[in-house]
Amino acid sequence: MAEDWEHGGFGLYIHWPFCQAKCPYCDFNSHVVSAIDQNAWKDAYLSEIDRIGAQTKGRVLRSVFFGGGTPSLMDPEVVDAVLTKVRAVWPMANDIEITLEANPTSVEAGRFKGYRDAGVNRVSMGIQALNDADLKRLGRLHTAAEAMAAFDVARNAFDRVSFDLIYARQSQRLADWQAELQSALSMAVDHLSLYQLTIEDGTAFGDRYAAGKLRDLPNEDTAADMYALTQDICGQAGYAGYEISNHAPADAESIHNLIYWRYGDYAGIGPGAHGRLTIDGQRYATSTPLAPTAWLQQVRRDGHGENDRELLDFETQRTEYLLMGMRLADGVDLNRFGFDEDQALFNNINKLSDSGFVLRRADRICVTDLGRPVLNAVLRELLRD
């Protein structure tokens with residue numbers, strides 16, 4: 001068990017919590033502020049990298065992910081300092097993936113060369129929609145034309161470019177989504193993250209929905225048709241759905257996200273960042289204060305930016321591995337966590353297999369095309385005692 005995380009690898013997540021504006025659908029830990037002391041944030045990140053590096057000496061780092069918030073608001077010099085420190089602290093895989101999330105505005109695209117020179121080799125762009133009316137509804141600050149121009153800049157600066165789109169938007173028809181998705185696939189992108197719009201409590205959209213003011217959302221049947229169409233169009237274009245919401249040609253999958261889904265170890269640095277770390281044979285869940293100022297002050301005051309670590313028992317690890325791994329098209333390895341000796345699980349697998357929701361191949365199980373749209377229900381049945 002002590003080294004089980006090596007099945008998934010080791011990655012680093014760095015959270016930049018700031019945005020120019022709060023999108024109405026967003027429930028991430030993001031904040032709008034008038035001024036940012038970038039040097040203070042740089043110093044805090046470097047301190048945390050040193051601290052966690054001392055606890056994970058000798059591990060080969062497979063990925064670094066700058067997430068947010070909007071990391072493309074970071075000064076390139078801050079990114080350069082962080083990656084210089086990372087190289088000094090951990091040995092890095094020859095094919096290390098270093099991703100930075102970016103908004104497709106002309107201002108942020110102007111920083112792309114600086115990020116590339118710092119060592120970023122993959123950018124993930126939050127385009128979200130390819131028409132101005134829907135971008136406005138989603139609270140995005142860019143136009144479709146700006147998004148296309150920024151994408152061209154990114155394509156010239158980085159070997160790997162991913163972007164996000166949201167479907168099942170207000171007033172969106174199936175034919176609209178088909179045309180938009182085909183347009184996206186024609187843009188020489190090498191990875192697409194395609195998410196159904198979900199209305200989360202505590203967001204502006206959530207408040208509007210509760211008040212009956214968020215109208216013309218597609219019904220469940222139309223949203224399901226959009227999901228099915230997504231799988232068909234992406235599959236025909238060679239962009240396999242390697243995870244529920246993520247599509248890529250072979251060898252273009254996100255290494256960082258695969259570490260999560262394969263239940264590897266990852267360090268989370270920054271306000272609201274979570275992690276999973278195996279230390280001295282024990283696996284811990286890590287978390288951090290949500291408020292940016294509180295996190296920054298804690299790093300300065302206490303020499304660390306974490307809440308108390310939670311020791312994960314064996315059953316919790318088994319459950320987390322199933323919950324994460326079953327999102328993947330290739331599913332989970334039954335040889336991990338003693339699943340090969342769990343008769344109750346095999347009884348559940350057999351029932352789900354007979355119903356066509358899961359497929360067992362030798363020592364692996366995965367969700368079928370029938371089961372993927374109802375994954376949460378499948379997982380409940382798998383974990384039933």
# chains A, B, ... in the order shown; residues from 1 in each chain; ligands from 1
call {"tool": "select_by_dssp", "arguments": {"residues": "range 141-225 of chain A", "states": "strand (DSSP E or B)", "output": "ChimeraX atom specification"}}
result
/A:160-167,191-196
call {"tool": "write_last_selection", "arguments": {"atoms": "all heavy atoms", "output": "compact mmCIF listing (two decimals), in the first residue's frame"}}
result
# COMPACT_ATOMS: atom_id res chain seq x y z
N ARG A 160 0.93 22.07 -27.30
CA ARG A 160 -0.34 21.47 -26.92
C ARG A 160 -1.31 22.54 -26.45
O ARG A 160 -0.97 23.37 -25.60
CB ARG A 160 -0.12 20.43 -25.81
CG ARG A 160 0.83 19.30 -26.21
CD ARG A 160 1.03 18.32 -25.08
NE ARG A 160 -0.22 17.70 -24.70
CZ ARG A 160 -0.40 17.02 -23.57
NH1 ARG A 160 0.59 16.91 -22.70
NH2 ARG A 160 -1.56 16.47 -23.30
N VAL A 161 -2.50 22.53 -27.02
CA VAL A 161 -3.53 23.51 -26.67
C VAL A 161 -4.84 22.77 -26.45
O VAL A 161 -5.29 22.01 -27.30
CB VAL A 161 -3.71 24.58 -27.76
CG1 VAL A 161 -4.77 25.58 -27.34
CG2 VAL A 161 -2.39 25.30 -28.05
N SER A 162 -5.45 23.03 -25.31
CA SER A 162 -6.77 22.48 -24.98
C SER A 162 -7.73 23.64 -24.81
O SER A 162 -7.31 24.76 -24.49
CB SER A 162 -6.70 21.68 -23.68
OG SER A 162 -7.99 21.26 -23.27
N PHE A 163 -9.01 23.41 -25.07
CA PHE A 163 -9.95 24.42 -24.62
C PHE A 163 -11.26 23.80 -24.16
O PHE A 163 -11.59 22.66 -24.49
CB PHE A 163 -10.14 25.59 -25.59
CG PHE A 163 -10.80 25.32 -26.91
CD1 PHE A 163 -12.16 25.06 -27.00
CD2 PHE A 163 -10.07 25.41 -28.08
CE1 PHE A 163 -12.78 24.88 -28.22
CE2 PHE A 163 -10.67 25.24 -29.31
CZ PHE A 163 -12.03 24.97 -29.39
N ASP A 164 -11.97 24.60 -23.36
CA ASP A 164 -13.23 24.17 -22.73
C ASP A 164 -14.40 24.76 -23.50
O ASP A 164 -14.35 25.91 -23.95
CB ASP A 164 -13.32 24.67 -21.29
CG ASP A 164 -12.22 24.18 -20.39
OD1 ASP A 164 -11.40 23.36 -20.84
OD2 ASP A 164 -12.17 24.62 -19.22
N LEU A 165 -15.47 23.98 -23.60
CA LEU A 165 -16.75 24.46 -24.07
C LEU A 165 -17.84 23.97 -23.13
O LEU A 165 -17.72 22.88 -22.56
CB LEU A 165 -17.05 23.97 -25.49
CG LEU A 165 -16.22 24.53 -26.64
CD1 LEU A 165 -16.57 23.82 -27.95
CD2 LEU A 165 -16.43 26.04 -26.79
N ILE A 166 -18.89 24.77 -22.99
CA ILE A 166 -20.05 24.40 -22.19
C ILE A 166 -21.23 24.20 -23.12
O ILE A 166 -21.46 25.02 -24.02
CB ILE A 166 -20.37 25.51 -21.17
CG1 ILE A 166 -19.23 25.65 -20.15
CG2 ILE A 166 -21.69 25.23 -20.45
CD1 ILE A 166 -19.40 26.84 -19.21
N TYR A 167 -21.97 23.10 -22.93
CA TYR A 167 -23.17 22.89 -23.73
C TYR A 167 -24.40 22.79 -22.82
O TYR A 167 -24.29 22.89 -21.61
CB TYR A 167 -23.04 21.66 -24.62
CG TYR A 167 -22.90 20.33 -23.90
CD1 TYR A 167 -24.02 19.57 -23.58
CD2 TYR A 167 -21.65 19.83 -23.58
CE1 TYR A 167 -23.90 18.34 -22.93
CE2 TYR A 167 -21.51 18.60 -22.93
CZ TYR A 167 -22.64 17.88 -22.61
OH TYR A 167 -22.52 16.67 -21.96
N HIS A 191 -7.06 18.82 -27.59
CA HIS A 191 -7.77 18.31 -26.42
C HIS A 191 -8.98 19.19 -26.19
O HIS A 191 -8.89 20.42 -26.26
CB HIS A 191 -6.84 18.36 -25.20
CG HIS A 191 -7.41 17.73 -23.96
ND1 HIS A 191 -8.38 18.34 -23.17
CD2 HIS A 191 -7.14 16.55 -23.34
CE1 HIS A 191 -8.67 17.56 -22.14
NE2 HIS A 191 -7.94 16.47 -22.22
N LEU A 192 -10.12 18.59 -25.92
CA LEU A 192 -11.34 19.33 -25.64
C LEU A 192 -11.95 18.86 -24.33
O LEU A 192 -12.09 17.66 -24.10
CB LEU A 192 -12.38 19.12 -26.76
CG LEU A 192 -12.12 19.83 -28.09
CD1 LEU A 192 -13.11 19.33 -29.14
CD2 LEU A 192 -12.23 21.33 -27.94
N SER A 193 -12.29 19.81 -23.47
CA SER A 193 -13.06 19.53 -22.26
C SER A 193 -14.46 20.08 -22.49
O SER A 193 -14.62 21.30 -22.67
CB SER A 193 -12.41 20.18 -21.04
OG SER A 193 -11.13 19.64 -20.79
N LEU A 194 -15.45 19.21 -22.49
CA LEU A 194 -16.81 19.55 -22.91
C LEU A 194 -17.76 19.26 -21.77
O LEU A 194 -18.02 18.10 -21.43
CB LEU A 194 -17.19 18.75 -24.16
CG LEU A 194 -16.18 18.88 -25.32
CD1 LEU A 194 -16.49 17.87 -26.42
CD2 LEU A 194 -16.18 20.31 -25.87
N TYR A 195 -18.28 20.31 -21.16
CA TYR A 195 -19.05 20.19 -19.94
C TYR A 195 -20.50 20.61 -20.16
O TYR A 195 -20.77 21.63 -20.78
CB TYR A 195 -18.46 21.08 -18.83
CG TYR A 195 -17.03 20.80 -18.50
CD1 TYR A 195 -16.02 21.66 -18.90
CD2 TYR A 195 -16.67 19.65 -17.80
CE1 TYR A 195 -14.69 21.41 -18.59
CE2 TYR A 195 -15.35 19.39 -17.48
CZ TYR A 195 -14.36 20.26 -17.88
OH TYR A 195 -13.05 20.00 -17.58
N GLN A 196 -21.41 19.83 -19.60
CA GLN A 196 -22.80 20.27 -19.57
C GLN A 196 -22.96 21.35 -18.51
O GLN A 196 -22.41 21.24 -17.40
CB GLN A 196 -23.72 19.09 -19.26
CG GLN A 196 -25.20 19.47 -19.22
CD GLN A 196 -26.09 18.28 -18.97
OE1 GLN A 196 -25.76 17.15 -19.32
NE2 GLN A 196 -27.24 18.52 -18.35
call {"tool": "residues_around", "arguments": {"residues": "Val358 in chain A", "least_positions_apart": "2", "cutoff": "8 Å", "atoms": "only C-alpha atoms", "output": "list of chain:residue names"}}
result
A:Ile349, A:Leu352, A:Ser353, A:Ser355, A:Gly356, A:Arg360, A:Ile365, A:Cys366, A:Val367, A:Thr368, A:Gly371
call {"tool": "select_by_dssp", "arguments": {"residues": "range 211-352 of chain A", "states": "alpha helix (DSSP H)", "output": "number ranges by chain"}}
result
A: 220-236, 255-261, 292-302, 314-325, 343-352
call {"tool": "residues_around", "arguments": {"residues": "Ile36 in chain A", "least_positions_apart": "5", "cutoff": "10 Å", "atoms": "only C-alpha atoms", "output": "list in words"}}
result
Phe18, Trp41, Leu73 and Met74 of chain A
call {"tool": "write_last_selection", "arguments": {"atoms": "all heavy atoms", "output": "JSON list (two decimals), in the first residue's frame"}}
result
[["chain", "number", "residue", "atom", "x", "y", "z"],
["A", 18, "PHE", "N", -7.48, 34.48, -8.48],
["A", 18, "PHE", "CA", -8.02, 35.76, -8.92],
["A", 18, "PHE", "C", -8.57, 35.71, -10.34],
["A", 18, "PHE", "O", -8.03, 35.03, -11.22],
["A", 18, "PHE", "CB", -6.95, 36.84, -8.82],
["A", 18, "PHE", "CG", -6.37, 36.97, -7.44],
["A", 18, "PHE", "CD1", -5.06, 36.63, -7.20],
["A", 18, "PHE", "CD2", -7.16, 37.39, -6.38],
["A", 18, "PHE", "CE1", -4.52, 36.73, -5.93],
["A", 18, "PHE", "CE2", -6.64, 37.50, -5.10],
["A", 18, "PHE", "CZ", -5.31, 37.16, -4.87],
["A", 41, "TRP", "N", 2.66, 36.74, -3.61],
["A", 41, "TRP", "CA", 2.17, 35.42, -4.01],
["A", 41, "TRP", "C", 3.31, 34.54, -4.49],
["A", 41, "TRP", "O", 3.35, 33.34, -4.17],
["A", 41, "TRP", "CB", 1.08, 35.58, -5.07],
["A", 41, "TRP", "CG", -0.19, 36.01, -4.42],
["A", 41, "TRP", "CD1", -0.60, 37.29, -4.14],
["A", 41, "TRP", "CD2", -1.18, 35.14, -3.86],
["A", 41, "TRP", "NE1", -1.79, 37.27, -3.45],
["A", 41, "TRP", "CE2", -2.17, 35.98, -3.27],
["A", 41, "TRP", "CE3", -1.34, 33.77, -3.80],
["A", 41, "TRP", "CZ2", -3.30, 35.46, -2.63],
["A", 41, "TRP", "CZ3", -2.47, 33.26, -3.17],
["A", 41, "TRP", "CH2", -3.42, 34.10, -2.59],
["A", 73, "LEU", "N", -3.58, 35.71, -15.51],
["A", 73, "LEU", "CA", -3.38, 37.03, -14.91],
["A", 73, "LEU", "C", -2.07, 37.10, -14.14],
["A", 73, "LEU", "O", -1.69, 38.18, -13.67],
["A", 73, "LEU", "CB", -4.54, 37.37, -13.97],
["A", 73, "LEU", "CG", -5.92, 37.50, -14.62],
["A", 73, "LEU", "CD1", -6.98, 37.76, -13.55],
["A", 73, "LEU", "CD2", -5.94, 38.62, -15.66],
["A", 74, "MET", "N", -1.38, 35.98, -14.00],
["A", 74, "MET", "CA", -0.09, 35.95, -13.32],
["A", 74, "MET", "C", 0.97, 36.59, -14.22],
["A", 74, "MET", "O", 1.00, 36.38, -15.42],
["A", 74, "MET", "CB", 0.34, 34.52, -13.00],
["A", 74, "MET", "CG", -0.57, 33.78, -12.06],
["A", 74, "MET", "SD", -0.09, 32.03, -11.86],
["A", 74, "MET", "CE", 1.35, 32.21, -10.81]]
call {"tool": "closest_residue", "arguments": {"among": "A:Pro17, A:Gly270, A:Gly11, A:Pro104", "to": "Trp90 in chain A", "atoms": "only C-alpha atoms"}}
result
A:Gly11
call {"tool": "closest_residue", "arguments": {"among": "A:Gln282, A:Gln236, A:Ser63, A:Gln182", "to": "Ile98 in chain A", "atoms": "only C-alpha atoms"}}
result
A:Ser63
call {"tool": "residues_around", "arguments": {"residues": "Thr105 in chain A", "least_positions_apart": "2", "cutoff": "7 Å", "atoms": "only C-alpha atoms", "output": "NGL selection string"}}
result
:A and (103 or 107-109 or 142 or 146-147 or 150)
call {"tool": "closest_residue", "arguments": {"among": "A:Asp134, A:Glu220, A:Glu48, A:Glu253", "to": "Gly305 in chain A", "atoms": "only C-alpha atoms"}}
result
A:Glu48
call {"tool": "atom_distance", "arguments": {"atom1": "CA of Arg169 in chain A", "atom2": "CA of Asn29 in chain A"}}
result
22.4 Å
call {"tool": "atom_distance", "arguments": {"atom1": "CA of His7 in chain A", "atom2": "CA of Val60 in chain A"}}
result
12.8 Å
call {"tool": "atom_distance", "arguments": {"atom1": "CA of Asp280 in chain A", "atom2": "CA of Tyr321 in chain A"}}
result
19.9 Å
call {"tool": "closest_residue", "arguments": {"among": "A:Thr143, A:Gln178, A:Thr203, A:Gln128", "to": "Tyr227 in chain A", "atoms": "only C-alpha atoms"}}
result
A:Gln178
